[in-house]
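The structure appears right after this line, and notes come after that.
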Amino acid sequence: MGDIDRALTISFIMMLIGVLTALWNIFVFVMAERAKKASKESEIKASEYAERANEYYKVTARYYEKELERQDIELRRMVEQEKKKSDYDKKMNILKIIDMEGIMTTSRVAKVVEMDINETFDILLELLMHDRTIGSGGSPDKNNPDTNVWTKKKR
């Protein structure tokens, strides 16, 4: 979660920089308009200055947009990592329960881990087919998850 807080803090700072840049550009524009009224020569210089400030604002805005995109990508990556970690923790918790109990039905596992029976079934099936860390007594059927029992695998 610390990484997410860091990403949000960086996003806030970048937003603050964007707001301050906008305020600065408004200030520069106002100063340029005053100078424009003072004299014709000053008008030309102020116009050039305003154009440069506008260009600076455009460059800063592009940078800010790119930085926000980068932050969004980083935030999505961190959220995905947290989800993977959470999924792994769920899987290890279910494996531990099967190892302790020995034999369990899908609904009993779901009740113990306080998860939806379909999500529990998917994790149990992954532990059986992919990880090969548990055994099965019967054919796993998602339409009828309790027709099968899950067993501790001898290691």
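In the structure tokens, each chain is lettered A, B, ... as it comes, each chain's residues begin at 1, and ligands are numbered from 1 in order of appearance.
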
(message) Can you pull out every residue from chain A that DSSP, working from the backbone, puts in strand (DSSP E), and format the result as a list of chain:residue names?
(response)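 Selection result, strand (DSSP E) within chain A: A:Ile103, A:Met104, A:Thr105, A:Ile134, A:Gly135, A:Ser136, A:Gly137, A:Val149, A:Trp150, A:Thr151, A:Lys152.
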
(request) Extract the full set of helix (DSSP H, G or I) residues from segment 14-144 of chain A according to DSSP on the backbone, and format it as a VMD selection string. (result) chain A and resid 14 to 38 40 to 101 106 to 113 117 to 129

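Using only C-alpha atoms, the nearest neighbour of Asn54 of chain A within the list A:Met104, A:Lys37, A:Ile73, A:Ala22 is A:Ala22.
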
Contacts between segment 125-148 of chain A and segment 5-101 of chain A, please, where a residue of segment 5-101 of chain A counts if it comes within 12 Å (with only C-alpha atoms); show its shortest atom pair and distance in Å to one decimal, rows by chain and ascending number, as CSV.
residue,atom,partner,partner_atom,distance
A:Asp87,CA,A:Glu126,CA,11.4
A:Tyr88,CA,A:Leu127,CA,10.9
A:Lys90,CA,A:Leu127,CA,11.2
A:Lys91,CA,A:Leu127,CA,7.6
A:Met92,CA,A:Leu127,CA,9.3
A:Asn93,CA,A:Leu127,CA,11.4
A:Ile94,CA,A:Leu127,CA,9.0
A:Leu95,CA,A:Ile134,CA,7.5
A:Lys96,CA,A:Ile134,CA,10.3
A:Ile97,CA,A:Ile134,CA,10.9
A:Ile98,CA,A:Ile134,CA,7.7
A:Asp99,CA,A:Ile134,CA,8.2
A:Met100,CA,A:Ile134,CA,11.8
A:Glu101,CA,A:Ile134,CA,11.9

(request) Rank A:Glu33, A:Asp89, A:Val149, A:Gly18 by their smallest atom-to-atom distance to Arg62 of chain A, using only C-alpha atoms, and report the top residue only. (result) A:Gly18

(request) Would you mind listing what lies within 12 Å of Tyr63 of chain A as a list of chain:residue names, with only C-alpha atoms counted and same-chain residues fewer than 6 positions away left out? (result)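 So, after excluding close chain neighbours, the residues are A:Met14, A:Met15, A:Ile17, A:Gly18, A:Thr21, A:Tyr56, A:Tyr57, A:Glu69, A:Arg70.
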
(request) Name the closest residue to Gly102 of chain A among the candidates A:Val30, A:Asp5, A:Ala50, A:Lys153; distances are taken between atoms, counting only C-alpha atoms. (result)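 Among A:Val30, A:Asp5, A:Ala50, A:Lys153, it is A:Lys153 that comes nearest to Gly102 of chain A.
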
(message) Using only C-alpha atoms, can you tell me which of A:Lys83, A:Glu114, A:Tyr64, A:Gln71 comes closest to Thr9 of chain A?
(response)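 Counting only C-alpha atoms, the residue closest to Thr9 of chain A is A:Gln71.
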